[in-house]
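File shown: target.txt. Contents: compact mmCIF, C-alpha atoms.
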# COMPACT_ATOMS: atom_id res chain seq x y z
CA MET X 1 -3.24 7.19 15.52
CA SER X 2 0.25 5.90 15.06
CA LEU X 3 2.29 2.84 14.33
CA GLY X 4 2.92 0.83 17.46
CA ARG X 5 6.12 1.12 19.41
CA GLY X 6 8.36 -1.50 20.94
CA PRO X 7 8.69 -4.99 19.40
CA THR X 8 5.91 -4.57 16.80
CA PRO X 9 6.21 -1.10 15.23
CA TRP X 10 4.45 -2.29 12.05
CA ILE X 11 1.11 -2.77 13.86
CA VAL X 12 -1.20 0.24 14.26
CA ASP X 13 -2.18 1.01 17.86
CA ASP X 14 -5.41 2.85 17.03
CA PRO X 15 -6.91 2.43 13.53
CA VAL X 16 -7.68 5.66 11.72
CA ALA X 17 -11.27 6.95 11.57
CA ILE X 18 -12.11 6.68 7.87
CA SER X 19 -15.05 5.11 6.07
CA PRO X 20 -14.41 2.08 3.83
CA THR X 21 -15.38 4.05 0.70
CA GLU X 22 -13.25 7.05 1.63
CA PHE X 23 -10.36 4.68 2.37
CA GLU X 24 -10.58 3.04 -1.05
CA GLU X 25 -10.93 6.38 -2.86
CA LEU X 26 -7.93 7.76 -0.95
CA VAL X 27 -5.82 4.77 -1.98
CA CYS X 28 -6.83 5.19 -5.63
CA SER X 29 -5.86 8.89 -5.50
CA TRP X 30 -2.42 7.97 -4.13
CA LEU X 31 -1.98 5.40 -6.86
CA GLU X 32 -2.89 7.98 -9.51
CA GLY X 33 -0.35 10.39 -8.03
CA GLY X 34 2.37 7.76 -7.97
CA THR X 35 1.84 6.26 -11.43
CA LYS X 36 1.28 9.29 -13.68
CA GLU X 37 4.72 8.88 -15.24
CA LEU X 38 3.85 5.38 -16.47
CA ALA X 39 2.68 4.90 -20.05
CA ASP X 40 -1.08 4.56 -20.64
CA PHE X 41 -1.76 4.16 -16.93
CA ARG X 42 -5.25 3.85 -15.46
CA VAL X 43 -6.51 3.33 -11.93
CA ASP X 44 -9.98 1.84 -11.43
CA HIS X 45 -11.99 1.60 -8.22
CA LEU X 46 -14.11 -1.55 -7.71
CA ARG X 47 -13.19 -3.06 -11.05
CA LYS X 48 -14.20 -6.60 -12.00
CA ILE X 49 -11.37 -8.87 -13.11
CA PRO X 50 -12.00 -12.34 -14.60
CA GLY X 51 -9.98 -15.31 -13.41
CA ASP X 52 -9.91 -19.04 -14.01
CA GLY X 53 -11.85 -19.55 -10.77
CA GLY X 54 -14.45 -16.84 -11.44
CA GLU X 55 -14.79 -13.07 -11.37
CA TYR X 56 -13.27 -10.87 -8.67
CA VAL X 57 -14.24 -7.33 -7.66
CA LEU X 58 -11.06 -5.52 -6.62
CA ASP X 59 -10.91 -2.40 -4.43
CA GLY X 60 -8.47 -1.03 -6.96
CA VAL X 61 -6.76 -2.05 -10.19
CA VAL X 62 -3.75 -0.35 -11.75
CA GLU X 63 -2.97 -1.01 -15.40
CA PHE X 64 -0.20 0.45 -17.55
CA THR X 65 2.01 -0.31 -20.54
CA ILE X 66 5.66 -1.40 -20.51
CA PHE X 67 8.10 -2.54 -23.22
CA GLY X 68 6.24 -0.48 -25.81
CA GLY X 69 3.02 -2.47 -25.65
CA ALA X 70 2.87 -5.11 -22.89
CA ARG X 71 0.12 -4.41 -20.36
CA MET X 72 0.88 -4.75 -16.65
CA LEU X 73 -1.89 -5.43 -14.15
CA VAL X 74 -1.65 -4.71 -10.41
CA LEU X 75 -4.39 -5.86 -8.02
CA VAL X 76 -5.09 -3.64 -5.00
CA GLU X 77 -6.93 -4.61 -1.82
CA CYS X 78 -7.89 -2.26 1.04
CA LYS X 79 -8.31 -3.86 4.47
CA HIS X 80 -10.53 -1.65 6.65
CA GLN X 81 -10.45 -3.54 9.95
CA LYS X 82 -9.38 -3.28 13.58
CA ARG X 83 -7.08 -6.32 13.61
CA PRO X 84 -3.71 -6.24 11.86
CA VAL X 85 -3.72 -7.98 8.48
CA GLU X 86 -2.84 -11.65 8.84
CA ARG X 87 -0.71 -13.83 6.61
CA GLU X 88 -3.77 -15.70 5.31
CA GLN X 89 -5.29 -12.48 3.99
CA VAL X 90 -2.16 -11.74 1.98
CA MET X 91 -2.25 -15.33 0.69
CA VAL X 92 -5.78 -14.71 -0.64
CA LEU X 93 -4.56 -11.67 -2.60
CA GLU X 94 -1.66 -13.69 -4.02
CA ALA X 95 -4.10 -16.44 -5.04
CA LYS X 96 -6.25 -13.86 -6.88
CA ARG X 97 -3.15 -12.51 -8.60
CA LEU X 98 -2.18 -15.94 -9.84
CA ASP X 99 -5.74 -16.79 -10.89
CA THR X 100 -6.18 -13.58 -12.90
CA GLY X 101 -2.70 -13.51 -14.41
CA ALA X 102 -1.91 -10.14 -12.82
CA GLN X 103 1.76 -9.30 -12.40
CA LYS X 104 1.68 -7.66 -8.95
CA GLY X 105 -0.39 -6.98 -5.86
CA MET X 106 -0.67 -4.20 -3.27
CA MET X 107 -2.41 -4.25 0.11
CA PHE X 108 -3.41 -1.19 2.15
CA SER X 109 -4.49 -1.51 5.79
CA THR X 110 -6.00 0.72 8.48
CA SER X 111 -4.55 -1.50 11.22
CA GLY X 112 -1.08 -2.51 10.11
CA PHE X 113 0.22 -6.00 9.38
CA GLN X 114 1.28 -8.97 11.43
CA LYS X 115 4.93 -9.93 11.01
CA GLY X 116 4.03 -13.11 9.13
CA ALA X 117 1.89 -11.11 6.71
CA LEU X 118 4.77 -8.72 6.00
CA GLU X 119 7.21 -11.57 5.42
CA TYR X 120 4.86 -13.43 3.08
CA ALA X 121 4.03 -10.24 1.19
CA ALA X 122 7.71 -9.44 0.73
CA ALA X 123 8.38 -12.96 -0.58
CA CYS X 124 5.57 -12.50 -3.14
CA HIS X 125 6.59 -8.92 -4.04
CA ILE X 126 3.31 -7.55 -2.65
CA ALA X 127 3.50 -3.94 -1.40
CA THR X 128 2.16 -3.36 2.14
CA ILE X 129 0.99 0.11 3.19
CA THR X 130 -0.72 1.33 6.36
CA VAL X 131 -3.00 4.38 6.41
CA GLN X 132 -2.71 6.76 9.36
CA ASP X 133 -3.97 10.07 10.69
CA GLY X 134 -1.60 12.76 9.39
CA THR X 135 -1.75 14.96 12.49
CA ALA X 136 -1.16 12.04 14.86
CA LEU X 137 1.83 10.91 12.82
CA TYR X 138 3.30 14.42 13.09
CA GLU X 139 2.79 14.38 16.87
CA THR X 140 4.40 10.95 17.17
CA LYS X 141 7.54 12.19 15.38
CA ALA X 142 7.75 15.44 17.36
CA PHE X 143 10.54 16.00 19.88
CA GLY X 144 9.90 16.68 23.56
CA PRO X 145 7.92 15.06 26.38
CA ALA X 146 4.50 16.20 25.14
CA PRO X 147 2.91 15.79 21.70
CA ALA X 148 3.32 18.85 19.53
CA ALA X 149 0.54 20.19 17.32
CA PRO X 150 1.56 20.65 13.69
CA PRO X 151 2.39 24.27 12.83
CA LEU X 152 -0.11 26.22 10.73
CA TRP X 153 2.48 26.46 7.95
CA GLY X 154 3.24 22.75 8.14
CA ASP X 155 2.53 20.41 5.23
CA VAL X 156 0.32 18.00 7.19
CA TYR X 157 -2.29 15.94 5.37
CA ARG X 158 -5.42 14.50 6.96
CA PHE X 159 -4.31 10.98 6.06
CA VAL X 160 -0.87 9.61 5.26
CA GLY X 161 0.35 6.21 4.20
CA VAL X 162 3.40 4.34 5.41
CA LYS X 163 4.88 1.71 3.12
CA VAL X 164 6.17 -1.01 5.44
CA CYS X 165 8.72 -3.56 4.26
CA PRO X 166 10.87 -6.09 6.14
CA VAL X 167 14.62 -5.69 5.62
CA GLU X 168 17.66 -7.49 7.03
CA THR X 169 17.98 -5.04 9.90
CA GLY X 170 14.26 -4.95 10.79
CA VAL X 171 11.50 -3.01 9.03
CA SER X 172 11.73 0.01 6.73
CA PHE X 173 9.09 2.75 6.60
CA HIS X 174 8.39 5.17 3.71
CA ARG X 175 5.80 7.96 3.82
CA ILE X 176 3.04 8.53 1.26
CA ASP X 177 0.59 11.45 1.21
CA GLY X 178 -1.18 13.88 -1.09
CA GLY X 179 2.06 15.55 -2.11
CA TYR X 180 4.67 12.85 -1.69
CA TYR X 181 4.40 9.70 -3.80
CA ASP X 182 8.05 8.62 -4.01
CA ALA X 183 7.43 5.31 -2.19
CA ILE X 184 4.75 4.33 -4.71
CA LYS X 185 6.84 5.51 -7.67
CA ALA X 186 9.85 3.54 -6.41
CA TRP X 187 7.78 0.37 -6.00
CA PHE X 188 6.37 0.58 -9.54
CA THR X 189 9.86 1.30 -10.89
CA GLN X 190 11.12 -1.82 -9.14
CA CYS X 191 8.23 -3.82 -10.64
CA THR X 192 9.14 -2.80 -14.18
CA GLU X 193 12.85 -3.40 -13.58
CA GLU X 194 12.11 -6.93 -12.39
CA LEU X 195 10.19 -7.62 -15.57
CA LYS X 196 12.95 -6.17 -17.71
CA ASN X 197 15.52 -8.36 -15.98
CA GLY X 198 13.36 -11.45 -16.35
CA ALA X 199 12.77 -11.83 -12.60
CA GLU X 200 9.88 -13.97 -11.38
CA VAL X 201 6.87 -11.78 -10.54

Mind turning this structure into structure tokens?
Amino acid sequence: MSLGRGPTPWIVDDPVAISPTEFEELVCSWLEGGTKELADFRVDHLRKIPGDGGEYVLDGVVEFTIFGGARMLVLVECKHQKRPVEREQVMVLEAKRLDTGAQKGMMFSTSGFQKGALEYAAACHIATITVQDGTALYETKAFGPAPAAPPLWGDVYRFVGVKVCPVETGVSFHRIDGGYYDAIKAWFTQCTEELKNGAEV
């Protein structure tokens, strides 16, 4: 499986074969790997969060401390579906964030995101990450006319994530896997910097 090519590279051509539970547990493991440097961090799978409109069960919840005592809450949703995530689905996550008083949101998808979903997510500071087959991603990036199998010594994970974000020149892509969490670390660093600078979150 790989990200699409041509005019919509942020949409997955062939969703990865992963069960919903395995998908959610994988995402939580990535979040743990990318947030260990935060103070008093915790990552919960299927945690209930109360809101003004009722109680929500989230696929994942990240919580940590900033400013020597303030707690930061990040809501995480995992979209295990064949169609790319639509703008309305991101709007639902943003509504939950506002209703629960959480500071941030993250959305992971097995099928990529429609352009409108990416744009809305970026405007709301919601991280958007696709989950792909690690071997297929290696083959897609290989040089030559035919796909190349990863070498036996290669650092290829079964599943990898790609953080997708619209930028002025198009769309940026940043890899995430079991040994490389820089994209997640950078996003959480940006979150805390925005709070420090008094930015709207």

For Cys124 in chain X, list every protein, DNA or RNA residue within 12 Å, evaluated using only C-alpha atoms, and leave out those in the same chain fewer than 4 positions away; present the list as a PyMOL selection string. chain X and resi 87+90-95+97-98+103-107+117-120+128+191+199-201

Applying 7 Å and all atoms listed in the file, which residues near Asp59 in chain X remain after dropping the ones on its own chain fewer than 2 positions away? List them as a ChimeraX atom specification. /X:24,45-46,57,76-78

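Separating CA of Gly60 in chain X from CA of Asp44 in chain X is a distance of 5.5 Å.
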
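Non-sequential neighbours of Asp99 in chain X (distance at most 10 Å, separation of 4 or more positions within a chain, all atoms listed in the file) are Ile49, Pro50, Gly51, Asp52, Gly53, Gly54, Glu55, Tyr56, Leu93, Glu94 and Ala95 of chain X.
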
Let me see the file: selected residues, C-alpha atoms, as a PDB file, in the frame of the given file.
ATOM      1  CA  ILE X  49     -11.370  -8.870 -13.110  1.00  0.00           C
ATOM      2  CA  PRO X  50     -12.000 -12.340 -14.600  1.00  0.00           C
ATOM      3  CA  GLY X  51      -9.980 -15.310 -13.410  1.00  0.00           C
ATOM      4  CA  ASP X  52      -9.910 -19.040 -14.010  1.00  0.00           C
ATOM      5  CA  GLY X  53     -11.850 -19.550 -10.770  1.00  0.00           C
ATOM      6  CA  GLY X  54     -14.450 -16.840 -11.440  1.00  0.00           C
ATOM      7  CA  GLU X  55     -14.790 -13.070 -11.370  1.00  0.00           C
ATOM      8  CA  TYR X  56     -13.270 -10.870  -8.670  1.00  0.00           C
ATOM      9  CA  LEU X  93      -4.560 -11.670  -2.600  1.00  0.00           C
ATOM     10  CA  GLU X  94      -1.660 -13.690  -4.020  1.00  0.00           C
ATOM     11  CA  ALA X  95      -4.100 -16.440  -5.040  1.00  0.00           C
TER      12      ALA X  95
END

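One distance worth recording is that between CA of Arg47 in chain X and CA of Gln89 in chain X, which is 19.4 Å.
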
Out of X:Thr110, X:Thr21, X:Ser29, X:Thr100, which residue has the shortest atom-to-atom distance to Gly178 in chain X when counting only C-alpha atoms? X:Ser29

So the first atom is CA of Val43 in chain X and the second is CA of Leu31 in chain X; what is the distance between them in Å, to one decimal place? 7.1 Å

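Proximity of X:Glu86, X:Val160, X:Leu73, X:Ala127 to Tyr180 in chain X, computed with all atoms listed in the file, is greatest for X:Val160.
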
Who sits within 12 Å of Asp40 in chain X, all atoms listed in the file, same chain under 5 positions skipped, as a compact mmCIF listing (two decimals) with C-alpha atoms, keeping the file's coordinate frame:
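Contents of result.txt, as written:
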# COMPACT_ATOMS: atom_id res chain seq x y z
CA GLU X 32 -2.89 7.98 -9.51
CA THR X 35 1.84 6.26 -11.43
CA VAL X 62 -3.75 -0.35 -11.75
CA GLU X 63 -2.97 -1.01 -15.40
CA PHE X 64 -0.20 0.45 -17.55
CA THR X 65 2.01 -0.31 -20.54
CA ILE X 66 5.66 -1.40 -20.51
CA PHE X 67 8.10 -2.54 -23.22
CA GLY X 68 6.24 -0.48 -25.81
CA GLY X 69 3.02 -2.47 -25.65
CA ALA X 70 2.87 -5.11 -22.89
CA ARG X 71 0.12 -4.41 -20.36
CA MET X 72 0.88 -4.75 -16.65
CA LEU X 73 -1.89 -5.43 -14.15

List as a PyMOL selection string: which residues have an atom within 7 Å of (-6.5, 4.3, 11.4), counting all atoms listed in the file? chain X and resi 1+14-17+110-111+131-133

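With only C-alpha atoms as the atoms that count, the minimum distance from Gln190 in chain X to the choices X:Ser109, X:Val74, X:His125, X:Pro84 is reached by X:His125.
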
Nearby residues (all atoms listed in the file) at most 7 Å from Val85 in chain X, same-chain spacing under 6 positions excluded, as a ChimeraX atom specification: /X:112-114,117

Any chance you could model N, CA and C atoms for range 37-70 of chain X and send them as a short mmCIF file (atom, residue, chain, number, x, y, z; two decimals), in the coordinates of the input?
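Final output, rebuild-v9.cif:
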data_model
loop_
_atom_site.label_atom_id
_atom_site.label_comp_id
_atom_site.auth_asym_id
_atom_site.auth_seq_id
_atom_site.Cartn_x
_atom_site.Cartn_y
_atom_site.Cartn_z
N GLU X 37 3.61 8.91 -14.30
CA GLU X 37 4.72 8.88 -15.24
C GLU X 37 4.75 7.59 -16.07
N LEU X 38 3.90 6.63 -15.72
CA LEU X 38 3.85 5.38 -16.47
C LEU X 38 3.05 5.58 -17.76
N ALA X 39 3.35 4.77 -18.75
CA ALA X 39 2.68 4.90 -20.05
C ALA X 39 1.27 4.30 -20.00
N ASP X 40 0.30 5.04 -20.51
CA ASP X 40 -1.08 4.56 -20.64
C ASP X 40 -1.65 4.02 -19.32
N PHE X 41 -1.31 4.68 -18.21
CA PHE X 41 -1.76 4.16 -16.93
C PHE X 41 -3.24 4.48 -16.70
N ARG X 42 -3.88 3.62 -15.91
CA ARG X 42 -5.25 3.85 -15.46
C ARG X 42 -5.42 3.20 -14.09
N VAL X 43 -6.21 3.84 -13.26
CA VAL X 43 -6.51 3.33 -11.93
C VAL X 43 -8.03 3.23 -11.83
N ASP X 44 -8.53 2.05 -11.54
CA ASP X 44 -9.98 1.84 -11.43
C ASP X 44 -10.35 1.41 -10.03
N HIS X 45 -11.45 1.97 -9.53
CA HIS X 45 -11.99 1.60 -8.22
C HIS X 45 -13.12 0.59 -8.41
N LEU X 46 -13.09 -0.49 -7.64
CA LEU X 46 -14.11 -1.55 -7.71
C LEU X 46 -14.27 -2.11 -9.11
N ARG X 47 -13.17 -2.50 -9.70
CA ARG X 47 -13.19 -3.06 -11.05
C ARG X 47 -13.29 -4.58 -11.00
N LYS X 48 -14.05 -5.14 -11.90
CA LYS X 48 -14.20 -6.60 -12.00
C LYS X 48 -13.09 -7.17 -12.88
N ILE X 49 -12.44 -8.21 -12.37
CA ILE X 49 -11.37 -8.87 -13.11
C ILE X 49 -11.69 -10.35 -13.23
N PRO X 50 -11.72 -10.91 -14.45
CA PRO X 50 -12.00 -12.34 -14.60
C PRO X 50 -10.78 -13.18 -14.27
N GLY X 51 -11.04 -14.35 -13.70
CA GLY X 51 -9.98 -15.31 -13.41
C GLY X 51 -10.44 -16.70 -13.76
N ASP X 52 -9.54 -17.66 -13.71
CA ASP X 52 -9.91 -19.04 -14.01
C ASP X 52 -10.96 -19.57 -13.04
N GLY X 53 -10.92 -19.07 -11.79
CA GLY X 53 -11.85 -19.55 -10.77
C GLY X 53 -13.11 -18.71 -10.65
N GLY X 54 -13.27 -17.71 -11.50
CA GLY X 54 -14.45 -16.84 -11.44
C GLY X 54 -14.06 -15.39 -11.55
N GLU X 55 -15.00 -14.51 -11.24
CA GLU X 55 -14.79 -13.07 -11.37
C GLU X 55 -14.54 -12.47 -10.00
N TYR X 56 -13.60 -11.53 -9.92
CA TYR X 56 -13.27 -10.87 -8.67
C TYR X 56 -13.55 -9.38 -8.80
N VAL X 57 -14.07 -8.78 -7.71
CA VAL X 57 -14.24 -7.33 -7.66
C VAL X 57 -13.12 -6.80 -6.76
N LEU X 58 -12.21 -6.03 -7.35
CA LEU X 58 -11.06 -5.52 -6.62
C LEU X 58 -11.30 -4.09 -6.14
N ASP X 59 -10.80 -3.77 -4.95
CA ASP X 59 -10.91 -2.40 -4.43
C ASP X 59 -10.24 -1.43 -5.38
N GLY X 60 -9.16 -1.86 -6.00
CA GLY X 60 -8.47 -1.03 -6.96
C GLY X 60 -7.70 -1.88 -7.95
N VAL X 61 -7.54 -1.37 -9.15
CA VAL X 61 -6.76 -2.05 -10.19
C VAL X 61 -5.94 -0.99 -10.91
N VAL X 62 -4.64 -1.24 -11.00
CA VAL X 62 -3.75 -0.35 -11.75
C VAL X 62 -3.31 -1.09 -13.01
N GLU X 63 -3.38 -0.40 -14.14
CA GLU X 63 -2.97 -1.01 -15.40
C GLU X 63 -2.15 0.01 -16.18
N PHE X 64 -1.03 -0.44 -16.75
CA PHE X 64 -0.20 0.45 -17.55
C PHE X 64 0.59 -0.37 -18.56
N THR X 65 1.29 0.34 -19.45
CA THR X 65 2.01 -0.31 -20.54
C THR X 65 3.51 -0.25 -20.29
N ILE X 66 4.20 -1.37 -20.57
CA ILE X 66 5.66 -1.40 -20.51
C ILE X 66 6.17 -2.08 -21.79
N PHE X 67 7.47 -1.93 -22.05
CA PHE X 67 8.10 -2.54 -23.22
C PHE X 67 7.43 -2.14 -24.53
N GLY X 68 6.84 -0.95 -24.57
CA GLY X 68 6.24 -0.48 -25.81
C GLY X 68 4.97 -1.17 -26.21
N GLY X 69 4.29 -1.85 -25.28
CA GLY X 69 3.02 -2.47 -25.65
C GLY X 69 2.49 -3.50 -24.68
N ALA X 70 3.34 -4.10 -23.85
CA ALA X 70 2.87 -5.11 -22.89
C ALA X 70 2.10 -4.43 -21.76
#
